[in-house]
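Q: Can you read through this structure? Questions will come right after.
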Amino acid sequence: MPSVDLEYPTKPYSKVNRYDSRASYSLETIHQIFNTCPILHVSFNVPNSPFPTILPMIGQMGSFARPSADTGDVLELYLHGYVSSRIMNLSRNVKVGAEGAEEGLPICVAASHIDGLVLSLTPNSHSYNYRSAALFGYATVVTDLAEKLYAMELITNSVVRDRYRNTRVPPNNAEMQSTSVLRVKITAGSAKIRTGLPSDEKADKDDEELLNRVWTGVIPVHYTLGEPIPGSYNKLEKVPTYLEEHRADFNRDAKELAAEAATKPMQAAKAKHDD
């Protein structure tokens, strides 16, 4: 862990404007949001298309050069995908020296979690407790074999802790040839987080009739890992210990985080309505 809380530089395209008291540019905060998000949404421009493209992908923050680096350190984002997918081909074919493409394919990646349903006195004041983050950077295809294997293990273990070494590894030649990994060099990032209970207008909170008929509060939201269902050719009688421990830890941590988010006060909002 660095001795100081490192932050991404604030850029015009990454700055949080509305409710900036909820903003964070902390590497630790942003990387944690990304590394606990099961699906990342990756946006990029496609030549000859009037619309940007957005893809759901699996990814993880890490450092091949410094494998022991934690989420508070400077990291890169690794994304896993099919070898001939559009984003892989575009990243592979970026011309070095082309305007705006000196470092790879420009992309934006988003990660979001919902931690609670915030139910207020009026529809306008309803909200979510949430953690959201966006990273901006340049994507290039990983060509070094050792780094590619590092990224594949990193991403696999982000799905289920310690899963990689408990499977048939290393991947065979066909698997390696059909899979590509993107390394994203991050230039900027930001997060926006809401926690706490509902916030309503003073006039509504002074309305006894309204208070007596409308329930207000937070319903914590978290997803859980259910009971494992064996595959048709599974021959293990019991679920391995590492899987049960991962499931138990995941479900406990998710429940505690959602409950904590419901009661953790937010800084005072600067605008009239809560969103």
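Note on naming: chains are A, B, ... as they come in the structure tokens, residues start from 1 per chain, ligands start from 1 in the order shown.
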With DSSP run on the backbone, what are the strand (DSSP E or B) residues within region 115-210 of chain A? I'd like them as a count of residues only.

A: 36

Q: If we count only C-alpha atoms and set the cut-off at 9 Å, which residues sit around Ile33 (chain A), ignoring sequence neighbours fewer than 3 positions away in its own chain? Please answer as a PyMOL selection string.

A: chain A and resi 28-30+36-37+111-113+131-133+191

Q: Write a file of the just-selected residues containing all heavy atoms, as a compact mmCIF listing (two decimals), in the first residue's frame.

A:
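part_15.txt, freshly written:
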```txt
# COMPACT_ATOMS: atom_id res chain seq x y z
N GLU A 28 -7.44 3.67 -4.86
CA GLU A 28 -7.93 2.58 -4.02
C GLU A 28 -9.44 2.41 -4.19
O GLU A 28 -9.94 1.30 -4.41
CB GLU A 28 -7.59 2.86 -2.56
CG GLU A 28 -8.23 1.92 -1.56
CD GLU A 28 -7.58 0.55 -1.51
OE1 GLU A 28 -6.43 0.42 -1.97
OE2 GLU A 28 -8.22 -0.40 -1.00
N THR A 29 -10.18 3.50 -4.10
CA THR A 29 -11.63 3.44 -4.20
C THR A 29 -12.08 2.97 -5.58
O THR A 29 -12.92 2.06 -5.71
CB THR A 29 -12.23 4.83 -3.92
OG1 THR A 29 -11.90 5.22 -2.59
CG2 THR A 29 -13.74 4.83 -4.09
N ILE A 30 -11.51 3.55 -6.62
CA ILE A 30 -11.92 3.20 -7.99
C ILE A 30 -11.54 1.77 -8.32
O ILE A 30 -12.35 1.01 -8.89
CB ILE A 30 -11.28 4.19 -8.98
CG1 ILE A 30 -11.83 5.60 -8.75
CG2 ILE A 30 -11.52 3.75 -10.43
CD1 ILE A 30 -11.07 6.69 -9.48
N THR A 36 -14.44 -5.63 -7.89
CA THR A 36 -15.56 -6.36 -7.30
C THR A 36 -16.79 -6.33 -8.20
O THR A 36 -17.86 -6.80 -7.80
CB THR A 36 -15.92 -5.77 -5.93
OG1 THR A 36 -16.15 -4.36 -6.04
CG2 THR A 36 -14.79 -6.02 -4.93
N CYS A 37 -16.63 -5.79 -9.42
CA CYS A 37 -17.76 -5.71 -10.34
C CYS A 37 -17.71 -6.89 -11.33
O CYS A 37 -16.72 -7.04 -12.05
CB CYS A 37 -17.72 -4.38 -11.11
SG CYS A 37 -19.22 -4.03 -12.03
N ALA A 111 -17.98 0.70 -14.28
CA ALA A 111 -18.34 -0.34 -13.31
C ALA A 111 -19.34 0.24 -12.34
O ALA A 111 -19.18 1.38 -11.88
CB ALA A 111 -17.10 -0.83 -12.56
N SER A 112 -20.39 -0.53 -12.00
CA SER A 112 -21.44 -0.03 -11.11
C SER A 112 -21.93 -1.12 -10.17
O SER A 112 -22.04 -2.29 -10.55
CB SER A 112 -22.62 0.52 -11.91
OG SER A 112 -22.23 1.56 -12.77
N HIS A 113 -22.24 -0.70 -8.94
CA HIS A 113 -22.87 -1.57 -7.95
C HIS A 113 -24.08 -0.85 -7.36
O HIS A 113 -24.02 0.36 -7.11
CB HIS A 113 -21.93 -1.88 -6.78
CG HIS A 113 -20.67 -2.58 -7.16
ND1 HIS A 113 -20.54 -3.95 -7.17
CD2 HIS A 113 -19.46 -2.09 -7.53
CE1 HIS A 113 -19.31 -4.28 -7.52
NE2 HIS A 113 -18.64 -3.17 -7.75
N ARG A 131 -22.30 2.52 -5.89
CA ARG A 131 -20.88 2.79 -6.12
C ARG A 131 -20.67 2.67 -7.63
O ARG A 131 -20.93 1.62 -8.20
CB ARG A 131 -20.00 1.77 -5.39
CG ARG A 131 -20.00 1.88 -3.87
CD ARG A 131 -19.42 0.65 -3.21
NE ARG A 131 -20.32 -0.49 -3.34
CZ ARG A 131 -19.94 -1.74 -3.61
NH1 ARG A 131 -18.65 -2.02 -3.81
NH2 ARG A 131 -20.84 -2.70 -3.70
N SER A 132 -20.22 3.74 -8.24
CA SER A 132 -19.98 3.72 -9.68
C SER A 132 -18.62 4.33 -9.97
O SER A 132 -18.15 5.20 -9.24
CB SER A 132 -21.08 4.48 -10.43
OG SER A 132 -21.08 5.84 -10.04
N ALA A 133 -18.00 3.87 -11.04
CA ALA A 133 -16.68 4.38 -11.41
C ALA A 133 -16.49 4.27 -12.91
O ALA A 133 -17.09 3.42 -13.57
CB ALA A 133 -15.58 3.62 -10.68
N ALA A 191 -14.88 8.20 -9.45
CA ALA A 191 -15.94 7.40 -8.85
C ALA A 191 -16.98 8.33 -8.26
O ALA A 191 -16.70 9.50 -7.95
CB ALA A 191 -15.38 6.49 -7.76
```

Q: Pick from A:Ile193, A:Met152, A:Val181, A:Leu105: nearest to Val169 (chain A), with only C-alpha atoms counted?

A: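 Among the listed residues, A:Met152 lies closest to Val169 (chain A).
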
Q: If we count only C-alpha atoms and set the cut-off at 8 Å, which residues sit around region 195-207 of chain A, ignoring sequence neighbours fewer than 6 positions away in its own chain? Please answer as a ChimeraX atom specification.

A: /A:118-122,125-127,129-130,216-218,261-266,274

Q: Using N, CA, C and O atoms, can you write the selected residues to a file as a short mmCIF file (atom, residue, chain, number, x, y, z; two decimals), in the first residue's frame?

A:
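Result went into selection.cif, see below:
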```cif
data_model
loop_
_atom_site.label_atom_id
_atom_site.label_comp_id
_atom_site.auth_asym_id
_atom_site.auth_seq_id
_atom_site.Cartn_x
_atom_site.Cartn_y
_atom_site.Cartn_z
N VAL A 118 -33.33 3.41 -1.99
CA VAL A 118 -33.58 4.51 -1.05
C VAL A 118 -34.98 5.03 -1.30
O VAL A 118 -35.24 5.68 -2.33
N LEU A 119 -35.90 4.76 -0.36
CA LEU A 119 -37.32 5.07 -0.53
C LEU A 119 -37.68 6.28 0.32
O LEU A 119 -37.62 6.24 1.55
N SER A 120 -38.06 7.35 -0.35
CA SER A 120 -38.32 8.63 0.30
C SER A 120 -39.80 8.95 0.31
O SER A 120 -40.64 8.15 -0.11
N LEU A 121 -40.13 10.15 0.76
CA LEU A 121 -41.53 10.56 0.87
C LEU A 121 -42.15 10.86 -0.49
O LEU A 121 -43.35 10.70 -0.69
N THR A 122 -41.33 11.32 -1.43
CA THR A 122 -41.83 11.69 -2.75
C THR A 122 -41.05 10.93 -3.83
O THR A 122 -39.87 10.58 -3.61
N SER A 125 -37.50 12.21 -4.72
CA SER A 125 -36.40 12.05 -3.76
C SER A 125 -35.94 10.60 -3.64
O SER A 125 -35.01 10.32 -2.88
N HIS A 126 -36.59 9.68 -4.36
CA HIS A 126 -36.12 8.30 -4.36
C HIS A 126 -34.73 8.21 -4.98
O HIS A 126 -34.35 9.03 -5.84
N SER A 127 -33.95 7.23 -4.57
CA SER A 127 -32.60 7.09 -5.09
C SER A 127 -32.12 5.66 -4.89
O SER A 127 -32.86 4.79 -4.45
N ASN A 129 -28.58 3.65 -3.17
CA ASN A 129 -27.22 3.68 -2.66
C ASN A 129 -26.39 2.93 -3.69
O ASN A 129 -26.74 1.82 -4.10
N TYR A 130 -25.30 3.54 -4.13
CA TYR A 130 -24.56 2.97 -5.25
C TYR A 130 -23.08 3.29 -5.14
O TYR A 130 -22.65 4.20 -4.44
N THR A 216 -40.60 5.22 4.80
CA THR A 216 -39.33 5.68 4.25
C THR A 216 -38.20 4.88 4.86
O THR A 216 -38.28 4.40 6.00
N GLY A 217 -37.13 4.72 4.10
CA GLY A 217 -35.98 3.97 4.58
C GLY A 217 -35.19 3.40 3.41
O GLY A 217 -35.35 3.82 2.26
N VAL A 218 -34.35 2.43 3.72
CA VAL A 218 -33.49 1.81 2.72
C VAL A 218 -33.69 0.30 2.74
O VAL A 218 -33.72 -0.31 3.81
N ALA A 261 -23.79 0.51 3.97
CA ALA A 261 -24.09 1.63 3.08
C ALA A 261 -25.39 2.32 3.46
O ALA A 261 -25.54 3.53 3.27
N ALA A 262 -26.34 1.55 3.99
CA ALA A 262 -27.64 2.12 4.35
C ALA A 262 -27.54 3.09 5.53
O ALA A 262 -28.33 4.04 5.63
N THR A 263 -26.58 2.88 6.41
CA THR A 263 -26.51 3.68 7.64
C THR A 263 -25.34 4.65 7.66
O THR A 263 -25.21 5.45 8.59
N LYS A 264 -24.47 4.60 6.66
CA LYS A 264 -23.32 5.50 6.63
C LYS A 264 -23.75 6.86 6.09
O LYS A 264 -24.20 6.97 4.95
N PRO A 265 -23.62 7.91 6.87
CA PRO A 265 -24.10 9.23 6.42
C PRO A 265 -23.29 9.74 5.22
O PRO A 265 -22.10 9.48 5.09
N MET A 266 -23.98 10.47 4.36
CA MET A 266 -23.33 11.14 3.25
C MET A 266 -23.01 12.57 3.64
O MET A 266 -23.62 13.13 4.55
N ASP A 274 -32.15 14.78 -4.55
CA ASP A 274 -31.18 13.71 -4.33
C ASP A 274 -31.22 12.75 -5.50
O ASP A 274 -32.29 12.34 -5.91
#
```

Q: If you count only C-alpha atoms, which residues fall within 10 Å of region 138-141 of chain A, apart from same-chain ones fewer than 4 positions away, as a ChimeraX atom specification?

A: /A:76-79,83,87-94,100-108,148,180-187

Q: Keeping only N, CA and C atoms, write the selected residues to a file as a PDB file, in the first residue's frame.

A:
```pdb
ATOM      1  N   GLU A  76      -2.898  -1.355 -14.110  1.00  0.00           N
ATOM      2  CA  GLU A  76      -3.483  -1.370 -15.435  1.00  0.00           C
ATOM      3  C   GLU A  76      -4.720  -2.260 -15.408  1.00  0.00           C
ATOM      4  N   LEU A  77      -5.595  -2.050 -16.362  1.00  0.00           N
ATOM      5  CA  LEU A  77      -6.805  -2.854 -16.465  1.00  0.00           C
ATOM      6  C   LEU A  77      -6.618  -3.905 -17.543  1.00  0.00           C
ATOM      7  N   TYR A  78      -6.896  -5.167 -17.173  1.00  0.00           N
ATOM      8  CA  TYR A  78      -6.827  -6.265 -18.142  1.00  0.00           C
ATOM      9  C   TYR A  78      -8.250  -6.710 -18.482  1.00  0.00           C
ATOM     10  N   LEU A  79      -8.517  -6.847 -19.775  1.00  0.00           N
ATOM     11  CA  LEU A  79      -9.817  -7.271 -20.274  1.00  0.00           C
ATOM     12  C   LEU A  79      -9.652  -8.530 -21.114  1.00  0.00           C
ATOM     13  N   VAL A  83     -10.409 -13.657 -29.680  1.00  0.00           N
ATOM     14  CA  VAL A  83      -9.266 -13.168 -30.448  1.00  0.00           C
ATOM     15  C   VAL A  83      -9.660 -12.278 -31.632  1.00  0.00           C
ATOM     16  N   ILE A  87     -13.285  -5.305 -30.851  1.00  0.00           N
ATOM     17  CA  ILE A  87     -12.412  -4.479 -30.019  1.00  0.00           C
ATOM     18  C   ILE A  87     -10.973  -4.981 -30.061  1.00  0.00           C
ATOM     19  N   MET A  88     -10.796  -6.300 -30.157  1.00  0.00           N
ATOM     20  CA  MET A  88      -9.436  -6.850 -30.247  1.00  0.00           C
ATOM     21  C   MET A  88      -8.793  -6.465 -31.574  1.00  0.00           C
ATOM     22  N   ASN A  89      -9.553  -6.586 -32.650  1.00  0.00           N
ATOM     23  CA  ASN A  89      -9.005  -6.238 -33.964  1.00  0.00           C
ATOM     24  C   ASN A  89      -8.667  -4.756 -34.055  1.00  0.00           C
ATOM     25  N   LEU A  90      -9.532  -3.904 -33.518  1.00  0.00           N
ATOM     26  CA  LEU A  90      -9.264  -2.477 -33.536  1.00  0.00           C
ATOM     27  C   LEU A  90      -8.022  -2.141 -32.714  1.00  0.00           C
ATOM     28  N   SER A  91      -7.909  -2.767 -31.539  1.00  0.00           N
ATOM     29  CA  SER A  91      -6.746  -2.510 -30.678  1.00  0.00           C
ATOM     30  C   SER A  91      -5.467  -3.019 -31.325  1.00  0.00           C
ATOM     31  N   ARG A  92      -5.576  -4.135 -32.015  1.00  0.00           N
ATOM     32  CA  ARG A  92      -4.409  -4.744 -32.662  1.00  0.00           C
ATOM     33  C   ARG A  92      -3.956  -3.923 -33.874  1.00  0.00           C
ATOM     34  N   ASN A  93      -4.915  -3.255 -34.530  1.00  0.00           N
ATOM     35  CA  ASN A  93      -4.611  -2.578 -35.782  1.00  0.00           C
ATOM     36  C   ASN A  93      -4.428  -1.069 -35.639  1.00  0.00           C
ATOM     37  N   VAL A  94      -4.418  -0.570 -34.404  1.00  0.00           N
ATOM     38  CA  VAL A  94      -4.181   0.857 -34.214  1.00  0.00           C
ATOM     39  C   VAL A  94      -2.807   1.213 -34.760  1.00  0.00           C
ATOM     40  N   GLY A 100      -4.289  10.916 -31.990  1.00  0.00           N
ATOM     41  CA  GLY A 100      -5.131  10.418 -30.916  1.00  0.00           C
ATOM     42  C   GLY A 100      -4.955   8.951 -30.620  1.00  0.00           C
ATOM     43  N   ALA A 101      -4.033   8.270 -31.284  1.00  0.00           N
ATOM     44  CA  ALA A 101      -3.909   6.824 -31.102  1.00  0.00           C
ATOM     45  C   ALA A 101      -2.472   6.409 -30.805  1.00  0.00           C
ATOM     46  N   GLU A 102      -1.686   7.342 -30.265  1.00  0.00           N
ATOM     47  CA  GLU A 102      -0.276   7.052 -30.028  1.00  0.00           C
ATOM     48  C   GLU A 102      -0.073   5.899 -29.040  1.00  0.00           C
ATOM     49  N   GLU A 103      -1.033   5.709 -28.134  1.00  0.00           N
ATOM     50  CA  GLU A 103      -0.846   4.734 -27.072  1.00  0.00           C
ATOM     51  C   GLU A 103      -1.785   3.544 -27.170  1.00  0.00           C
ATOM     52  N   GLY A 104      -2.596   3.458 -28.196  1.00  0.00           N
ATOM     53  CA  GLY A 104      -3.540   2.359 -28.321  1.00  0.00           C
ATOM     54  C   GLY A 104      -4.936   2.865 -28.635  1.00  0.00           C
ATOM     55  N   LEU A 105      -5.927   1.968 -28.519  1.00  0.00           N
ATOM     56  CA  LEU A 105      -7.311   2.312 -28.807  1.00  0.00           C
ATOM     57  C   LEU A 105      -7.919   3.063 -27.621  1.00  0.00           C
ATOM     58  N   PRO A 106      -8.415   4.285 -27.815  1.00  0.00           N
ATOM     59  CA  PRO A 106      -9.040   5.013 -26.708  1.00  0.00           C
ATOM     60  C   PRO A 106     -10.348   4.328 -26.291  1.00  0.00           C
ATOM     61  N   ILE A 107     -10.482   4.017 -25.024  1.00  0.00           N
ATOM     62  CA  ILE A 107     -11.697   3.387 -24.531  1.00  0.00           C
ATOM     63  C   ILE A 107     -12.106   3.996 -23.192  1.00  0.00           C
ATOM     64  N   CYS A 108     -13.364   3.813 -22.858  1.00  0.00           N
ATOM     65  CA  CYS A 108     -13.904   4.190 -21.548  1.00  0.00           C
ATOM     66  C   CYS A 108     -14.559   2.957 -20.963  1.00  0.00           C
ATOM     67  N   LYS A 148       0.264 -12.560 -20.638  1.00  0.00           N
ATOM     68  CA  LYS A 148      -1.067 -13.045 -20.996  1.00  0.00           C
ATOM     69  C   LYS A 148      -1.546 -14.097 -20.001  1.00  0.00           C
ATOM     70  N   SER A 180      -7.764 -13.473 -26.499  1.00  0.00           N
ATOM     71  CA  SER A 180      -6.879 -12.314 -26.437  1.00  0.00           C
ATOM     72  C   SER A 180      -7.121 -11.562 -25.138  1.00  0.00           C
ATOM     73  N   VAL A 181      -6.107 -10.826 -24.709  1.00  0.00           N
ATOM     74  CA  VAL A 181      -6.200 -10.010 -23.502  1.00  0.00           C
ATOM     75  C   VAL A 181      -5.783  -8.594 -23.857  1.00  0.00           C
ATOM     76  N   LEU A 182      -6.574  -7.638 -23.422  1.00  0.00           N
ATOM     77  CA  LEU A 182      -6.228  -6.230 -23.596  1.00  0.00           C
ATOM     78  C   LEU A 182      -5.606  -5.690 -22.318  1.00  0.00           C
ATOM     79  N   ARG A 183      -4.563  -4.909 -22.493  1.00  0.00           N
ATOM     80  CA  ARG A 183      -3.999  -4.146 -21.371  1.00  0.00           C
ATOM     81  C   ARG A 183      -4.379  -2.695 -21.584  1.00  0.00           C
ATOM     82  N   VAL A 184      -5.034  -2.095 -20.600  1.00  0.00           N
ATOM     83  CA  VAL A 184      -5.473  -0.712 -20.718  1.00  0.00           C
ATOM     84  C   VAL A 184      -4.608   0.168 -19.818  1.00  0.00           C
ATOM     85  N   LYS A 185      -3.883   1.079 -20.436  1.00  0.00           N
ATOM     86  CA  LYS A 185      -3.107   2.067 -19.696  1.00  0.00           C
ATOM     87  C   LYS A 185      -4.039   3.214 -19.321  1.00  0.00           C
ATOM     88  N   ILE A 186      -4.233   3.412 -18.019  1.00  0.00           N
ATOM     89  CA  ILE A 186      -5.220   4.366 -17.536  1.00  0.00           C
ATOM     90  C   ILE A 186      -4.636   5.784 -17.523  1.00  0.00           C
ATOM     91  N   THR A 187      -5.421   6.719 -18.038  1.00  0.00           N
ATOM     92  CA  THR A 187      -5.009   8.125 -18.001  1.00  0.00           C
ATOM     93  C   THR A 187      -5.789   8.927 -16.969  1.00  0.00           C
TER      94      THR A 187
END
```

Q: What is the CA of Gly72 (chain A)-CA of Phe136 (chain A) distance in Å, reported with one decimal?

A: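 Computing the Euclidean distance for CA of Gly72 (chain A) and CA of Phe136 (chain A) yields 17.3 Å.
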
Q: Output as number ranges by chain all residues of region 151-242 of chain A that backbone DSSP marks as alpha helix (DSSP H).

A: A: 151-159, 173-178, 202-205, 208-211, 241-242

Q: Could you take the residues named above and write them with C-alpha atoms, as a PDB file, in the first residue's frame?

A:
```
ATOM      1  CA  ALA A 151      -3.832 -11.756 -16.854  1.00  0.00           C
ATOM      2  CA  MET A 152      -5.834 -14.927 -17.510  1.00  0.00           C
ATOM      3  CA  GLU A 153      -5.108 -16.197 -13.992  1.00  0.00           C
ATOM      4  CA  LEU A 154      -5.906 -12.784 -12.500  1.00  0.00           C
ATOM      5  CA  ILE A 155      -9.265 -12.593 -14.265  1.00  0.00           C
ATOM      6  CA  THR A 156     -10.207 -16.227 -13.564  1.00  0.00           C
ATOM      7  CA  ASN A 157      -9.500 -15.816  -9.850  1.00  0.00           C
ATOM      8  CA  SER A 158     -11.605 -12.655  -9.797  1.00  0.00           C
ATOM      9  CA  VAL A 159     -14.633 -14.796 -10.693  1.00  0.00           C
ATOM     10  CA  ASN A 173      -2.524 -23.935 -27.598  1.00  0.00           C
ATOM     11  CA  ALA A 174      -6.032 -23.789 -29.061  1.00  0.00           C
ATOM     12  CA  GLU A 175      -7.326 -21.938 -25.997  1.00  0.00           C
ATOM     13  CA  MET A 176      -4.438 -19.486 -26.053  1.00  0.00           C
ATOM     14  CA  GLN A 177      -4.889 -18.800 -29.773  1.00  0.00           C
ATOM     15  CA  SER A 178      -8.629 -18.193 -29.467  1.00  0.00           C
ATOM     16  CA  LYS A 202     -38.285  20.099   5.045  1.00  0.00           C
ATOM     17  CA  ALA A 203     -41.873  20.854   4.034  1.00  0.00           C
ATOM     18  CA  ASP A 204     -42.529  17.161   3.413  1.00  0.00           C
ATOM     19  CA  LYS A 205     -40.883  16.137   6.680  1.00  0.00           C
ATOM     20  CA  GLU A 208     -47.607  14.757   9.672  1.00  0.00           C
ATOM     21  CA  GLU A 209     -50.260  13.262   7.394  1.00  0.00           C
ATOM     22  CA  LEU A 210     -47.561  12.355   4.846  1.00  0.00           C
ATOM     23  CA  LEU A 211     -45.225  10.938   7.502  1.00  0.00           C
ATOM     24  CA  THR A 241     -13.575 -26.410   0.400  1.00  0.00           C
ATOM     25  CA  TYR A 242     -12.151 -23.447  -1.515  1.00  0.00           C
TER      26      TYR A 242
END
```

Q: When you count only C-alpha atoms, which of these residues is closest to Asn17 (chain A): A:His246, A:Lys192, A:Lys255, A:Arg86?

A: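 Closest residue, counting only C-alpha atoms: A:Lys192.
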
Q: Write out as a list in words which residues come within 10 Å of region 226-234 of chain A when counting only C-alpha atoms, dropping same-chain ones fewer than 4 positions away.

A: Lys238, Val239, Leu243, Glu244, Arg247, Ala248 and Asn251 of chain A

Q: Would you save the residues of that selection, restricted to all heavy atoms, as a short mmCIF file (atom, residue, chain, number, x, y, z; two decimals), in the first residue's frame?

A:
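Contents of the output file result.cif:
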```cif
data_model
loop_
_atom_site.label_atom_id
_atom_site.label_comp_id
_atom_site.auth_asym_id
_atom_site.auth_seq_id
_atom_site.Cartn_x
_atom_site.Cartn_y
_atom_site.Cartn_z
N LYS A 238 -18.42 -34.03 -3.03
CA LYS A 238 -18.60 -32.82 -2.22
C LYS A 238 -18.05 -31.60 -2.96
O LYS A 238 -17.11 -31.70 -3.75
CB LYS A 238 -17.89 -32.96 -0.88
CG LYS A 238 -18.46 -34.05 0.02
CD LYS A 238 -17.73 -34.08 1.36
CE LYS A 238 -18.33 -35.13 2.29
NZ LYS A 238 -17.62 -35.15 3.61
N VAL A 239 -18.65 -30.47 -2.68
CA VAL A 239 -18.14 -29.20 -3.22
C VAL A 239 -16.79 -28.92 -2.55
O VAL A 239 -16.67 -29.00 -1.32
CB VAL A 239 -19.12 -28.05 -2.94
CG1 VAL A 239 -18.54 -26.72 -3.41
CG2 VAL A 239 -20.45 -28.33 -3.62
N LEU A 243 -14.26 -23.58 -2.77
CA LEU A 243 -15.47 -23.02 -3.35
C LEU A 243 -16.48 -22.63 -2.26
O LEU A 243 -17.09 -21.56 -2.31
CB LEU A 243 -16.12 -24.02 -4.30
CG LEU A 243 -15.47 -24.21 -5.66
CD1 LEU A 243 -16.22 -25.26 -6.47
CD2 LEU A 243 -15.41 -22.90 -6.43
N GLU A 244 -16.64 -23.50 -1.27
CA GLU A 244 -17.57 -23.20 -0.18
C GLU A 244 -17.10 -22.00 0.62
O GLU A 244 -17.91 -21.15 1.02
CB GLU A 244 -17.73 -24.43 0.73
CG GLU A 244 -18.59 -25.54 0.14
CD GLU A 244 -20.07 -25.18 0.09
OE1 GLU A 244 -20.42 -23.98 0.01
OE2 GLU A 244 -20.89 -26.11 0.11
N ARG A 247 -17.79 -18.85 -1.44
CA ARG A 247 -19.22 -18.53 -1.45
C ARG A 247 -19.65 -17.91 -0.13
O ARG A 247 -20.36 -16.90 -0.10
CB ARG A 247 -20.03 -19.79 -1.76
CG ARG A 247 -21.49 -19.54 -2.07
CD ARG A 247 -22.14 -20.80 -2.60
NE ARG A 247 -22.28 -21.81 -1.58
CZ ARG A 247 -23.36 -21.92 -0.79
NH1 ARG A 247 -24.36 -21.08 -0.93
NH2 ARG A 247 -23.43 -22.86 0.11
N ALA A 248 -19.20 -18.51 0.98
CA ALA A 248 -19.57 -17.99 2.30
C ALA A 248 -19.01 -16.59 2.53
O ALA A 248 -19.70 -15.69 3.01
CB ALA A 248 -19.08 -18.95 3.38
N ASN A 251 -20.85 -13.95 0.21
CA ASN A 251 -22.21 -13.62 0.65
C ASN A 251 -22.20 -12.80 1.94
O ASN A 251 -22.98 -11.85 2.08
CB ASN A 251 -23.02 -14.90 0.84
CG ASN A 251 -23.35 -15.58 -0.48
OD1 ASN A 251 -23.24 -14.97 -1.55
ND2 ASN A 251 -23.73 -16.84 -0.42
#
```

Q: What is the distance between CA of Asn48 (chain A) and CA of Tyr82 (chain A), in Å to one decimal?

A: 22.1 Å

Q: Tell me which protein, DNA and RNA residues are within 8 Å of Ala258 (chain A), counting only C-alpha atoms, leaving out same-chain ones fewer than 5 positions away, and put them as a list in words.

A: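 Listing them by chain and then by number gives Asp115, Gly116, Pro220, Val221 and His222 of chain A.
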
Q: Generate the output file for the selected residues, all heavy atoms, as a PDB file, in the first residue's frame.

A:
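Output saved as again_19.pdb:
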```pdb
ATOM      1  N   ASP A 115     -26.280  -0.814  -3.959  1.00  0.00           N
ATOM      2  CA  ASP A 115     -26.200  -1.293  -2.577  1.00  0.00           C
ATOM      3  C   ASP A 115     -27.499  -1.112  -1.812  1.00  0.00           C
ATOM      4  O   ASP A 115     -27.636  -1.640  -0.707  1.00  0.00           O
ATOM      5  CB  ASP A 115     -25.071  -0.565  -1.835  1.00  0.00           C
ATOM      6  CG  ASP A 115     -23.702  -0.849  -2.442  1.00  0.00           C
ATOM      7  OD1 ASP A 115     -23.461  -2.005  -2.825  1.00  0.00           O
ATOM      8  OD2 ASP A 115     -22.887   0.090  -2.535  1.00  0.00           O
ATOM      9  N   GLY A 116     -28.454  -0.364  -2.360  1.00  0.00           N
ATOM     10  CA  GLY A 116     -29.701  -0.192  -1.638  1.00  0.00           C
ATOM     11  C   GLY A 116     -30.732   0.592  -2.420  1.00  0.00           C
ATOM     12  O   GLY A 116     -30.387   1.420  -3.276  1.00  0.00           O
ATOM     13  N   PRO A 220     -31.598  -2.757   1.703  1.00  0.00           N
ATOM     14  CA  PRO A 220     -30.268  -3.127   1.218  1.00  0.00           C
ATOM     15  C   PRO A 220     -30.363  -4.073   0.020  1.00  0.00           C
ATOM     16  O   PRO A 220     -31.250  -4.931  -0.041  1.00  0.00           O
ATOM     17  CB  PRO A 220     -29.622  -3.821   2.420  1.00  0.00           C
ATOM     18  CG  PRO A 220     -30.359  -3.284   3.606  1.00  0.00           C
ATOM     19  CD  PRO A 220     -31.774  -3.087   3.130  1.00  0.00           C
ATOM     20  N   VAL A 221     -29.463  -3.910  -0.937  1.00  0.00           N
ATOM     21  CA  VAL A 221     -29.424  -4.734  -2.144  1.00  0.00           C
ATOM     22  C   VAL A 221     -28.042  -5.359  -2.265  1.00  0.00           C
ATOM     23  O   VAL A 221     -27.028  -4.673  -2.152  1.00  0.00           O
ATOM     24  CB  VAL A 221     -29.718  -3.903  -3.414  1.00  0.00           C
ATOM     25  CG1 VAL A 221     -29.512  -4.745  -4.667  1.00  0.00           C
ATOM     26  CG2 VAL A 221     -31.133  -3.343  -3.371  1.00  0.00           C
ATOM     27  N   HIS A 222     -28.026  -6.659  -2.466  1.00  0.00           N
ATOM     28  CA  HIS A 222     -26.765  -7.351  -2.743  1.00  0.00           C
ATOM     29  C   HIS A 222     -27.097  -8.668  -3.420  1.00  0.00           C
ATOM     30  O   HIS A 222     -28.135  -9.273  -3.150  1.00  0.00           O
ATOM     31  CB  HIS A 222     -25.960  -7.619  -1.466  1.00  0.00           C
ATOM     32  CG  HIS A 222     -26.690  -8.425  -0.440  1.00  0.00           C
ATOM     33  ND1 HIS A 222     -26.597  -9.806  -0.354  1.00  0.00           N
ATOM     34  CD2 HIS A 222     -27.545  -8.056   0.544  1.00  0.00           C
ATOM     35  CE1 HIS A 222     -27.349 -10.242   0.641  1.00  0.00           C
ATOM     36  NE2 HIS A 222     -27.934  -9.206   1.206  1.00  0.00           N
TER      37      HIS A 222
END
```
